[in-house]
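Engineer: The file below is query_17.cif, mmCIF, C-alpha atoms:
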```cif
data_target
loop_
_atom_site.label_atom_id
_atom_site.label_comp_id
_atom_site.auth_asym_id
_atom_site.auth_seq_id
_atom_site.Cartn_x
_atom_site.Cartn_y
_atom_site.Cartn_z
CA MET T 1 -126.00 -86.95 -3.99
CA LEU T 2 -126.46 -86.25 -0.28
CA SER T 3 -129.19 -83.70 0.33
CA ALA T 4 -128.23 -80.41 1.98
CA GLU T 5 -130.61 -81.09 4.86
CA SER T 6 -129.10 -84.49 5.55
CA ALA T 7 -125.56 -83.18 5.16
CA ALA T 8 -126.15 -80.68 7.96
CA VAL T 9 -127.48 -83.41 10.25
CA ILE T 10 -124.62 -85.81 9.41
CA ARG T 11 -122.03 -83.09 10.02
CA SER T 12 -123.42 -82.37 13.49
CA THR T 13 -123.90 -86.01 14.50
CA LEU T 14 -120.88 -87.67 12.89
CA PRO T 15 -118.61 -87.23 15.94
CA ALA T 16 -121.17 -88.89 18.24
CA VAL T 17 -121.96 -91.70 15.79
CA ALA T 18 -118.29 -92.31 14.96
CA GLY T 19 -117.44 -92.43 18.66
CA ALA T 20 -120.10 -95.07 19.26
CA LEU T 21 -119.55 -97.14 16.12
CA ASP T 22 -117.60 -99.87 17.87
CA GLU T 23 -120.48 -100.51 20.28
CA ILE T 24 -123.03 -100.08 17.49
CA THR T 25 -121.34 -102.65 15.24
CA ALA T 26 -120.88 -105.09 18.14
CA ARG T 27 -124.61 -104.99 18.88
CA PHE T 28 -125.42 -105.12 15.17
CA TYR T 29 -123.48 -108.33 14.55
CA GLY T 30 -124.69 -109.91 17.79
CA ALA T 31 -128.36 -109.34 16.98
CA MET T 32 -128.06 -110.26 13.30
CA PHE T 33 -126.24 -113.55 13.94
CA GLN T 34 -128.67 -114.46 16.72
CA ASP T 35 -131.63 -114.04 14.37
CA ARG T 36 -129.90 -115.09 11.14
CA PRO T 37 -127.24 -117.67 12.08
CA GLU T 38 -127.08 -118.89 8.48
CA LEU T 39 -125.14 -115.72 7.62
CA LEU T 40 -122.26 -116.87 9.81
CA ASP T 41 -122.11 -120.12 7.83
CA GLY T 42 -119.96 -119.35 4.81
CA MET T 43 -120.36 -115.58 4.70
CA PHE T 44 -118.38 -114.13 7.61
CA ASN T 45 -114.93 -114.98 8.96
CA ARG T 46 -115.65 -115.96 12.55
CA GLY T 47 -112.03 -115.38 13.52
CA ASN T 48 -112.38 -111.72 12.52
CA GLN T 49 -115.69 -111.60 14.35
CA ALA T 50 -114.09 -112.88 17.54
CA SER T 51 -111.15 -110.46 17.33
CA GLY T 52 -113.33 -107.44 16.56
CA ALA T 53 -111.50 -106.79 13.28
CA GLN T 54 -114.68 -107.08 11.21
CA ARG T 55 -116.52 -104.62 13.47
CA GLY T 56 -113.66 -102.14 13.13
CA ALA T 57 -113.66 -102.45 9.35
CA LEU T 58 -117.42 -101.89 9.12
CA ALA T 59 -117.22 -98.89 11.42
CA GLY T 60 -114.33 -97.45 9.44
CA SER T 61 -116.11 -97.85 6.12
CA ILE T 62 -119.30 -96.18 7.34
CA ALA T 63 -117.43 -93.25 8.89
CA GLY T 64 -115.17 -92.97 5.85
CA PHE T 65 -118.08 -92.90 3.43
CA ALA T 66 -119.98 -90.31 5.48
CA THR T 67 -116.87 -88.14 5.75
CA ALA T 68 -116.33 -88.32 1.98
CA LEU T 69 -119.94 -87.28 1.34
CA LEU T 70 -119.53 -84.26 3.59
CA ALA T 71 -116.38 -83.24 1.73
CA ASP T 72 -118.16 -83.50 -1.62
CA PRO T 73 -121.83 -84.61 -1.65
CA ASP T 74 -121.74 -85.26 -5.42
CA THR T 75 -118.84 -87.75 -5.45
CA ARG T 76 -118.16 -91.26 -4.22
CA PRO T 77 -114.95 -92.58 -2.61
CA ASP T 78 -114.18 -94.96 -5.46
CA THR T 79 -111.18 -96.66 -3.86
CA LEU T 80 -113.14 -97.55 -0.73
CA LEU T 81 -116.22 -98.68 -2.64
CA ASP T 82 -114.31 -100.72 -5.23
CA ARG T 83 -112.35 -102.55 -2.55
CA ILE T 84 -115.51 -103.41 -0.58
CA ALA T 85 -117.39 -104.45 -3.73
CA HIS T 86 -114.68 -106.91 -4.73
CA LYS T 87 -114.59 -108.37 -1.20
CA HIS T 88 -118.38 -108.71 -1.24
CA ALA T 89 -118.46 -110.34 -4.66
CA ALA T 90 -115.78 -112.81 -3.58
CA VAL T 91 -118.07 -114.14 -0.83
CA GLY T 92 -121.30 -113.96 -2.82
CA VAL T 93 -123.09 -110.97 -1.29
CA THR T 94 -126.52 -110.33 -2.86
CA ASP T 95 -128.79 -107.27 -3.01
CA ASP T 96 -131.30 -108.57 -0.46
CA GLN T 97 -128.63 -108.82 2.21
CA TYR T 98 -128.31 -105.03 2.28
CA THR T 99 -131.90 -104.86 3.55
CA ILE T 100 -131.05 -107.36 6.30
CA VAL T 101 -127.97 -105.37 7.31
CA HIS T 102 -129.99 -102.14 7.32
CA LYS T 103 -132.55 -103.60 9.72
CA TYR T 104 -130.03 -104.72 12.32
CA LEU T 105 -127.61 -101.83 11.90
CA PHE T 106 -130.24 -99.18 12.45
CA GLY T 107 -131.69 -101.15 15.32
CA ALA T 108 -128.25 -101.08 16.95
CA ILE T 109 -127.88 -97.34 16.31
CA ALA T 110 -131.21 -96.69 18.03
CA GLU T 111 -130.21 -98.91 20.97
CA VAL T 112 -126.84 -97.28 21.54
CA LEU T 113 -127.72 -93.63 20.91
CA GLY T 114 -131.23 -93.72 22.35
CA ASP T 115 -133.14 -90.44 22.31
CA ALA T 116 -130.40 -88.76 20.28
CA VAL T 117 -131.72 -90.64 17.25
CA THR T 118 -134.54 -88.27 16.33
CA PRO T 119 -136.55 -88.88 13.16
CA GLU T 120 -134.36 -86.29 11.39
CA VAL T 121 -131.15 -88.03 12.49
CA ALA T 122 -132.49 -91.44 11.51
CA ALA T 123 -133.55 -90.15 8.08
CA ALA T 124 -130.16 -88.53 7.42
CA TRP T 125 -128.16 -91.65 8.29
CA ASP T 126 -130.65 -93.76 6.37
CA GLU T 127 -129.85 -91.64 3.33
CA VAL T 128 -126.13 -92.19 3.83
CA TYR T 129 -126.60 -95.94 4.21
CA TRP T 130 -128.63 -96.33 1.03
CA LEU T 131 -126.30 -94.11 -0.96
CA MET T 132 -123.45 -96.41 0.06
CA ALA T 133 -125.49 -99.59 -0.43
CA GLY T 134 -126.73 -98.45 -3.83
CA ALA T 135 -123.22 -97.67 -5.00
CA LEU T 136 -122.00 -101.09 -3.84
CA ILE T 137 -124.95 -102.95 -5.35
CA GLY T 138 -124.25 -101.35 -8.73
CA ARG T 139 -120.55 -102.17 -8.57
CA GLU T 140 -121.18 -105.74 -7.46
CA ALA T 141 -123.70 -106.31 -10.26
CA ARG T 142 -121.04 -105.27 -12.80
CA LEU T 143 -118.46 -107.53 -11.15
CA TYR T 144 -120.78 -110.52 -11.32
CA GLN T 145 -121.58 -109.75 -14.95
CA ASP T 146 -117.91 -109.39 -15.87
CA ALA T 147 -117.14 -112.68 -14.10
CA GLY T 148 -119.91 -114.45 -16.01
CA VAL T 149 -121.71 -115.60 -12.86
CA GLU T 150 -125.12 -114.94 -11.38
CA PRO T 151 -125.22 -112.65 -8.34
CA GLY T 152 -124.05 -114.57 -5.33
CA LYS T 153 -123.45 -117.80 -7.28
CA VAL T 154 -119.68 -117.51 -7.49
CA TRP T 155 -118.66 -121.03 -6.43
CA ARG T 156 -117.10 -123.83 -8.44
CA GLN T 157 -115.33 -127.10 -7.65
CA TRP T 158 -111.62 -127.40 -8.42
CA THR T 159 -109.39 -130.47 -8.25
CA VAL T 160 -105.99 -130.31 -6.58
CA ILE T 161 -103.56 -131.63 -9.20
CA GLU T 162 -100.40 -130.82 -7.25
CA ARG T 163 -99.47 -129.99 -3.68
CA ARG T 164 -96.01 -128.57 -3.06
CA ALA T 165 -94.30 -127.47 0.16
CA GLU T 166 -92.67 -124.07 -0.40
CA THR T 167 -91.29 -123.49 3.11
CA SER T 168 -91.81 -125.07 6.52
CA ASP T 169 -95.14 -123.24 6.89
CA VAL T 170 -96.21 -122.45 3.30
CA VAL T 171 -97.84 -124.85 0.82
CA SER T 172 -98.93 -124.30 -2.78
CA PHE T 173 -101.96 -125.98 -4.34
CA VAL T 174 -102.23 -126.24 -8.12
CA LEU T 175 -105.86 -126.61 -9.21
CA ARG T 176 -107.94 -127.11 -12.33
CA PRO T 177 -111.73 -127.00 -12.76
CA ALA T 178 -113.29 -130.29 -11.68
CA ASP T 179 -116.00 -130.01 -14.35
CA GLY T 180 -113.51 -129.83 -17.21
CA ARG T 181 -114.80 -126.49 -18.43
CA PRO T 182 -112.38 -123.59 -19.05
CA ALA T 183 -111.08 -121.68 -16.05
CA PRO T 184 -112.71 -118.27 -15.52
CA ARG T 185 -110.95 -115.13 -16.63
CA ALA T 186 -108.62 -113.65 -14.01
CA ARG T 187 -106.21 -110.74 -13.79
CA ALA T 188 -102.71 -110.95 -12.40
CA GLY T 189 -102.80 -109.86 -8.76
CA GLN T 190 -106.36 -110.95 -8.02
CA TYR T 191 -107.51 -113.46 -5.41
CA VAL T 192 -110.11 -116.17 -4.93
CA SER T 193 -112.13 -117.18 -1.91
CA VAL T 194 -111.75 -120.76 -0.70
CA ARG T 195 -114.86 -122.19 0.99
CA VAL T 196 -114.33 -125.13 3.34
CA LEU T 197 -116.54 -127.12 5.71
CA MET T 198 -115.09 -127.13 9.21
CA GLY T 199 -115.34 -129.99 11.68
CA ASP T 200 -118.26 -128.39 13.50
CA GLY T 201 -120.34 -128.22 10.31
CA VAL T 202 -119.84 -124.48 9.66
CA HIS T 203 -118.46 -123.25 6.34
CA GLN T 204 -115.65 -120.72 6.47
CA LEU T 205 -114.12 -118.57 3.73
CA ARG T 206 -110.64 -117.17 3.25
CA GLN T 207 -109.10 -115.23 0.39
CA TYR T 208 -105.85 -116.32 -1.26
CA SER T 209 -103.98 -114.62 -4.09
CA LEU T 210 -103.44 -116.36 -7.40
CA SER T 211 -99.68 -117.01 -7.27
CA SER T 212 -99.32 -118.09 -10.90
CA ASP T 213 -100.02 -116.61 -14.31
CA PRO T 214 -103.84 -116.40 -14.46
CA GLY T 215 -103.87 -117.49 -18.10
CA GLY T 216 -104.49 -121.11 -19.05
CA ASP T 217 -106.65 -123.79 -17.49
CA TRP T 218 -105.06 -124.15 -14.06
CA ARG T 219 -104.57 -121.88 -11.07
CA ARG T 220 -102.31 -121.89 -8.03
CA ILE T 221 -102.83 -120.58 -4.52
CA THR T 222 -100.07 -120.44 -1.93
CA VAL T 223 -101.18 -120.75 1.69
CA LYS T 224 -99.26 -119.83 4.82
CA ARG T 225 -100.20 -121.69 7.97
CA VAL T 226 -101.38 -119.05 10.46
CA ALA T 227 -99.81 -119.95 13.77
CA GLY T 228 -101.56 -119.24 17.05
CA THR T 229 -100.24 -116.63 19.45
CA ALA T 230 -100.97 -115.57 22.99
CA ASP T 231 -103.53 -113.11 21.61
CA SER T 232 -105.10 -115.11 18.78
CA PRO T 233 -105.82 -118.73 17.89
CA ALA T 234 -104.26 -120.57 14.94
CA GLY T 235 -105.90 -119.98 11.58
CA GLU T 236 -108.56 -122.66 11.25
CA VAL T 237 -108.79 -122.62 7.45
CA SER T 238 -105.05 -122.49 6.74
CA THR T 239 -104.51 -125.29 9.27
CA MET T 240 -107.16 -127.43 7.62
CA LEU T 241 -105.71 -126.87 4.15
CA HIS T 242 -102.21 -127.75 5.36
CA ASP T 243 -103.24 -130.81 7.35
CA GLN T 244 -106.00 -132.35 5.25
CA VAL T 245 -105.90 -131.34 1.57
CA ARG T 246 -103.92 -133.59 -0.78
CA GLU T 247 -103.62 -134.22 -4.51
CA GLY T 248 -106.90 -135.49 -5.93
CA ASP T 249 -109.04 -133.65 -3.37
CA GLU T 250 -111.50 -130.96 -4.38
CA LEU T 251 -111.73 -127.40 -3.15
CA THR T 252 -114.57 -124.92 -3.58
CA LEU T 253 -113.29 -121.67 -5.08
CA SER T 254 -115.00 -118.42 -5.98
CA ALA T 255 -114.56 -116.63 -9.25
CA PRO T 256 -111.48 -114.36 -9.11
CA PHE T 257 -111.92 -110.84 -7.78
CA GLY T 258 -109.77 -108.01 -6.43
CA ASP T 259 -109.33 -104.38 -7.42
CA VAL T 260 -105.51 -104.49 -7.32
CA PHE T 261 -104.29 -106.10 -10.52
CA LEU T 262 -101.84 -105.52 -13.35
CA ASP T 263 -103.05 -103.17 -16.05
CA ASP T 264 -103.90 -104.63 -19.46
CA PRO T 265 -100.90 -105.08 -21.77
CA ALA T 266 -102.03 -102.04 -23.78
CA ASP T 267 -100.13 -100.06 -21.13
CA ALA T 268 -96.95 -101.97 -21.93
CA THR T 269 -94.36 -99.31 -21.14
CA THR T 270 -95.30 -98.17 -17.65
CA PRO T 271 -92.72 -99.37 -15.09
CA VAL T 272 -93.93 -101.74 -12.38
CA VAL T 273 -92.65 -101.88 -8.79
CA LEU T 274 -93.68 -104.94 -6.76
CA VAL T 275 -93.21 -104.40 -3.01
CA SER T 276 -94.00 -107.18 -0.55
CA ALA T 277 -93.15 -108.89 2.70
CA GLY T 278 -93.73 -112.46 3.84
CA ILE T 279 -96.68 -114.22 2.22
CA GLY T 280 -97.56 -110.87 0.60
CA GLY T 281 -95.17 -111.88 -2.15
CA THR T 282 -97.65 -114.38 -3.62
CA PRO T 283 -99.65 -111.94 -5.80
CA MET T 284 -96.35 -110.42 -6.93
CA VAL T 285 -95.21 -113.79 -8.25
CA GLY T 286 -98.49 -114.04 -10.14
CA ILE T 287 -97.84 -110.64 -11.70
CA LEU T 288 -94.25 -111.61 -12.58
CA ALA T 289 -95.44 -114.86 -14.16
CA HIS T 290 -97.99 -112.98 -16.25
CA LEU T 291 -95.39 -110.46 -17.43
CA THR T 292 -93.13 -113.35 -18.38
CA ALA T 293 -95.92 -115.07 -20.32
CA LEU T 294 -96.42 -111.81 -22.24
CA ALA T 295 -92.65 -111.55 -22.90
CA SER T 296 -92.98 -108.06 -21.49
CA ALA T 297 -90.17 -105.52 -21.79
CA ARG T 298 -91.62 -103.24 -19.11
CA PRO T 299 -89.18 -102.10 -16.42
CA VAL T 300 -89.89 -104.17 -13.30
CA LEU T 301 -88.43 -103.68 -9.82
CA VAL T 302 -89.11 -106.41 -7.25
CA LEU T 303 -88.62 -105.48 -3.59
CA HIS T 304 -89.28 -108.15 -0.95
CA ALA T 305 -88.60 -108.48 2.78
CA ASP T 306 -88.70 -111.69 4.82
CA ARG T 307 -87.31 -113.35 7.92
CA SER T 308 -84.74 -115.40 5.99
CA PRO T 309 -84.18 -116.96 2.55
CA ALA T 310 -85.60 -120.24 3.90
CA ASP T 311 -88.80 -118.44 4.93
CA HIS T 312 -89.15 -116.63 1.60
CA ALA T 313 -91.92 -118.54 -0.20
CA LEU T 314 -91.45 -118.88 -3.99
CA ARG T 315 -87.98 -117.29 -3.73
CA THR T 316 -86.37 -119.44 -6.42
CA GLU T 317 -89.31 -118.95 -8.75
CA THR T 318 -89.17 -115.20 -8.20
CA ASN T 319 -85.50 -115.14 -9.17
CA ASP T 320 -86.15 -117.30 -12.23
CA LEU T 321 -88.96 -115.04 -13.44
CA VAL T 322 -86.88 -111.90 -12.89
CA GLN T 323 -84.07 -113.40 -14.98
CA GLN T 324 -86.51 -114.08 -17.83
CA LEU T 325 -87.66 -110.45 -17.96
CA PRO T 326 -85.12 -108.21 -19.71
CA GLY T 327 -86.18 -105.10 -17.79
CA ALA T 328 -86.47 -106.67 -14.32
CA ARG T 329 -84.29 -106.62 -11.22
CA ALA T 330 -84.86 -107.69 -7.62
CA VAL T 331 -83.70 -106.56 -4.18
CA PHE T 332 -84.35 -108.71 -1.09
CA TRP T 333 -84.08 -107.88 2.62
CA TYR T 334 -83.78 -110.56 5.31
CA GLU T 335 -83.77 -110.19 9.07
CA HIS T 336 -81.56 -113.30 9.11
CA PRO T 337 -79.55 -113.42 5.87
CA GLY T 338 -78.29 -116.69 4.42
CA ALA T 339 -75.84 -117.94 1.85
CA GLU T 340 -78.72 -118.70 -0.55
CA GLU T 341 -79.00 -114.96 -1.30
CA PRO T 342 -75.52 -113.46 -0.82
CA SER T 343 -76.49 -110.11 -2.35
CA ALA T 344 -79.52 -109.59 -0.10
CA GLN T 345 -79.60 -106.71 2.37
CA GLU T 346 -79.87 -107.30 6.09
CA GLY T 347 -82.72 -106.06 8.25
CA MET T 348 -86.04 -104.44 7.45
CA MET T 349 -86.85 -102.99 4.04
CA ASN T 350 -85.22 -99.58 3.60
CA LEU T 351 -85.65 -97.74 0.32
CA ASP T 352 -82.74 -95.36 0.89
CA GLY T 353 -80.43 -95.79 -2.05
CA ILE T 354 -82.99 -97.76 -4.10
CA GLU T 355 -83.53 -96.14 -7.48
CA LEU T 356 -87.26 -96.19 -8.15
CA PRO T 357 -88.32 -95.92 -11.80
CA GLU T 358 -90.19 -92.75 -12.67
CA LYS T 359 -93.95 -92.86 -13.22
CA ALA T 360 -94.12 -96.45 -11.99
CA THR T 361 -97.22 -98.21 -10.77
CA VAL T 362 -96.45 -99.62 -7.33
CA PHE T 363 -98.12 -102.78 -5.99
CA LEU T 364 -97.87 -103.24 -2.22
CA CYS T 365 -98.82 -106.31 -0.17
CA GLY T 366 -97.81 -107.60 3.24
CA PRO T 367 -98.56 -107.14 6.94
CA LEU T 368 -100.23 -103.81 7.76
CA PRO T 369 -97.29 -102.37 9.77
CA PHE T 370 -94.98 -103.16 6.86
CA MET T 371 -97.29 -101.52 4.32
CA ARG T 372 -97.71 -98.39 6.42
CA ALA T 373 -93.96 -98.02 6.85
CA VAL T 374 -93.07 -98.68 3.21
CA ARG T 375 -95.88 -96.52 1.86
CA ALA T 376 -94.51 -93.63 3.92
CA GLN T 377 -91.06 -94.26 2.41
CA LEU T 378 -92.52 -94.32 -1.10
CA LEU T 379 -94.33 -91.03 -0.55
CA THR T 380 -91.13 -89.47 0.83
CA ALA T 381 -89.32 -90.70 -2.26
CA GLY T 382 -91.78 -88.77 -4.42
CA VAL T 383 -94.10 -91.56 -5.56
CA PRO T 384 -97.62 -90.08 -5.91
CA ALA T 385 -100.21 -91.69 -3.63
CA GLN T 386 -102.48 -92.50 -6.56
CA ARG T 387 -99.76 -94.71 -8.05
CA ILE T 388 -99.49 -96.88 -4.92
CA ARG T 389 -101.96 -99.77 -5.02
CA TYR T 390 -102.23 -101.99 -1.96
CA GLU T 391 -103.92 -105.26 -1.08
CA VAL T 392 -105.19 -106.18 2.39
CA PHE T 393 -106.50 -109.63 3.23
CA GLY T 394 -109.16 -109.74 5.90
CA PRO T 395 -111.02 -106.64 7.09
CA ASP T 396 -109.41 -103.51 5.71
CA LEU T 397 -108.62 -101.45 8.79
CA TRP T 398 -106.20 -99.27 6.83
CA LEU T 399 -107.87 -96.72 4.59
CA PRO T 400 -105.08 -94.25 3.85
CA GLY T 401 -105.85 -90.77 2.64
CA PRO T 402 -103.78 -88.90 0.06
CA ALA T 403 -100.88 -88.42 2.46
CA ALA T 404 -101.59 -91.01 5.16
#
```
Can you give me the file's structure in the form of structure tokens?
Structural biologist:
Amino acid sequence: MLSAESAAVIRSTLPAVAGALDEITARFYGAMFQDRPELLDGMFNRGNQASGAQRGALAGSIAGFATALLADPDTRPDTLLDRIAHKHAAVGVTDDQYTIVHKYLFGAIAEVLGDAVTPEVAAAWDEVYWLMAGALIGREARLYQDAGVEPGKVWRQWTVIERRAETSDVVSFVLRPADGRPAPRARAGQYVSVRVLMGDGVHQLRQYSLSSDPGGDWRRITVKRVAGTADSPAGEVSTMLHDQVREGDELTLSAPFGDVFLDDPADATTPVVLVSAGIGGTPMVGILAHLTALASARPVLVLHADRSPADHALRTETNDLVQQLPGARAVFWYEHPGAEEPSAQEGMMNLDGIELPEKATVFLCGPLPFMRAVRAQLLTAGVPAQRIRYEVFGPDLWLPGPAA
């Protein structure tokens, strides 16, 4: 609960703090990594650091949490906190690191805002920070406990037992635990972090969806090579996985996490709508495979958009799984249609004329512009916002409100 005294201070200073958050977070990360360079080794995505995406996500989460507290001091923004907690658990964040972050974050606030940070202002924002940190620490402790791992010790070696090219720029890796012990429990739709040692001796992490049924003793991840552009370099981890990892090699994977997953089979009648674009289809294939393994009769609608059938990773498998589910059907959109999918629609995904099942749970994954556009179409079609569940890989710069 945010105290009334602090709420008044936060309300009056939020515009100034929010307006300076980009500079605050830039100074925060700069000072923290200068003093604690070990945190950049295997904890933070340096590509997101260089682009400023991580700073934007941190700023957005702080402002979003403070705004939610002002709206209702007795509640917590569960969607925001759950998403962050899963991301933190997937990279092994521990309680003590919140104290480190606090030191450098509040040092940056004092630097940027100067005399405006009176003792009262500092105390109020300190209260907000520890309310947020405490909520995350509690959630992360439960996630570690549920995963059967000690806090922060989420890593395990896996052996690549198969490597398969899916498209010209997408490869799947099938893995099993290198120690021979059973695979950890996972839910359909979740992801794992992959931890690799780069050529310069720095570890980097990336998250990849489980693209197969999470039951059994093996797992599959499907990795798209991130090509460089005029504005951003090529993805260093995806490039390394594509160029260097072969059958028989080992990869370091985290326990599975992610707050967007298929409900337990107890809810066996609720319709499911799987909406994706590009490599965002990988968690949807995992969900389809799990439904197939359960011999589910739930109504399932698969909606996917891609550049062409040749670029559509796991396309044949998606069709095969849909055919095995008695209540499933699929609609594909391609910017460049091909004879492989004669019934596909041309162009970008357009839900006009698509009959959406009532009371369905919608799973949404793909590039941010795609998700924004399709979420707006879903809301217009009458799908309640609380039934639309989305997954973002990398810093979550999109925190939609009830009607956003």
Engineer: Since I can't run it myself right now, could you work out what the PyMOL selection byres ((chain T and resi 217-233) around 6) selects here and report it as an MDAnalysis selection string?
Structural biologist: chainID T and resid 169:176 182:183 210:212 216 234:235 238:239
Engineer: Can you tell me how far CA of Val362 in chain T sits from CA of Ala147 in chain T, in Å to one decimal?
Structural biologist: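 The value is 25.4 Å.
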Engineer: Choose the residue, out of T:Gln190, T:Ser308, T:Asn45, T:Thr25, that has the smallest atom-to-atom separation from Pro342 in chain T; count only C-alpha atoms.
Structural biologist: T:Ser308
Engineer: Convert the output of the PyMOL selection byres ((chain T and resi 125) around 9) on the shown file into explicit residues, formatted as a PyMOL selection string.
Structural biologist: chain T and resi 6+9-10+66+106+120-124+126-130
Engineer: Using only C-alpha atoms, please write the residues we just selected to a file, as a short mmCIF file (atom, residue, chain, number, x, y, z; two decimals), keeping the file's coordinate frame.
Structural biologist:
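Written out: selection02.cif:
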```cif
data_model
loop_
_atom_site.label_atom_id
_atom_site.label_comp_id
_atom_site.auth_asym_id
_atom_site.auth_seq_id
_atom_site.Cartn_x
_atom_site.Cartn_y
_atom_site.Cartn_z
CA SER T 6 -129.10 -84.49 5.55
CA VAL T 9 -127.48 -83.41 10.25
CA ILE T 10 -124.62 -85.81 9.41
CA ALA T 66 -119.98 -90.31 5.48
CA PHE T 106 -130.24 -99.18 12.45
CA GLU T 120 -134.36 -86.29 11.39
CA VAL T 121 -131.15 -88.03 12.49
CA ALA T 122 -132.49 -91.44 11.51
CA ALA T 123 -133.55 -90.15 8.08
CA ALA T 124 -130.16 -88.53 7.42
CA ASP T 126 -130.65 -93.76 6.37
CA GLU T 127 -129.85 -91.64 3.33
CA VAL T 128 -126.13 -92.19 3.83
CA TYR T 129 -126.60 -95.94 4.21
CA TRP T 130 -128.63 -96.33 1.03
#
```
Engineer: With the cut-off set at 12 Å and counting only C-alpha atoms, tabulate each residue of range 287-365 of chain T with an atom at most that distance from an atom of range 378-384 of chain T, showing the nearest atom pair and its distance in Å to one decimal, ordered by chain and increasing number, as JSON lines.
Structural biologist:
```
{"residue": "T:Met349", "atom": "CA", "partner": "T:Leu378", "partner_atom": "CA", "distance": 11.6}
{"residue": "T:Asn350", "atom": "CA", "partner": "T:Leu378", "partner_atom": "CA", "distance": 10.2}
{"residue": "T:Leu351", "atom": "CA", "partner": "T:Leu378", "partner_atom": "CA", "distance": 7.8}
{"residue": "T:Asp352", "atom": "CA", "partner": "T:Ala381", "partner_atom": "CA", "distance": 8.7}
{"residue": "T:Gly353", "atom": "CA", "partner": "T:Ala381", "partner_atom": "CA", "distance": 10.2}
{"residue": "T:Ile354", "atom": "CA", "partner": "T:Ala381", "partner_atom": "CA", "distance": 9.7}
{"residue": "T:Glu355", "atom": "CA", "partner": "T:Ala381", "partner_atom": "CA", "distance": 9.5}
{"residue": "T:Leu356", "atom": "CA", "partner": "T:Ala381", "partner_atom": "CA", "distance": 8.3}
{"residue": "T:Pro357", "atom": "CA", "partner": "T:Val383", "partner_atom": "CA", "distance": 9.6}
{"residue": "T:Glu358", "atom": "CA", "partner": "T:Val383", "partner_atom": "CA", "distance": 8.2}
{"residue": "T:Lys359", "atom": "CA", "partner": "T:Val383", "partner_atom": "CA", "distance": 7.8}
{"residue": "T:Ala360", "atom": "CA", "partner": "T:Val383", "partner_atom": "CA", "distance": 8.1}
{"residue": "T:Thr361", "atom": "CA", "partner": "T:Val383", "partner_atom": "CA", "distance": 9.0}
{"residue": "T:Val362", "atom": "CA", "partner": "T:Val383", "partner_atom": "CA", "distance": 8.6}
{"residue": "T:Phe363", "atom": "CA", "partner": "T:Leu378", "partner_atom": "CA", "distance": 11.3}
{"residue": "T:Leu364", "atom": "CA", "partner": "T:Leu378", "partner_atom": "CA", "distance": 10.5}
```
Engineer: Could you work out how far CA of Lys87 in chain T lies from CA of Gly148 in chain T, giving the answer in Å with one decimal?
Structural biologist: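 So the two atoms, CA of Gly148 in chain T and CA of Lys87 in chain T, lie 16.9 Å apart.
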Engineer: Can you spell out as a PyMOL selection string the set of residues that the PyMOL selection byres ((chain T and resi 348) around 10) selects in the structure I just provided?
Structural biologist: chain T and resi 277+304-307+332-335+345-347+349-351+370
Engineer: So which residues fall inside 10 Å of (-125.2, -105.0, 13.5) if we count only C-alpha atoms? Mind giving them as a ChimeraX atom specification?
Structural biologist: /T:23-33,55,58,100-109
Engineer: What is the CA of Gly327 in chain T-CA of Phe257 in chain T distance in Å, reported with one decimal?
Structural biologist: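 We find that CA of Gly327 in chain T and CA of Phe257 in chain T lie 28.2 Å from each other.
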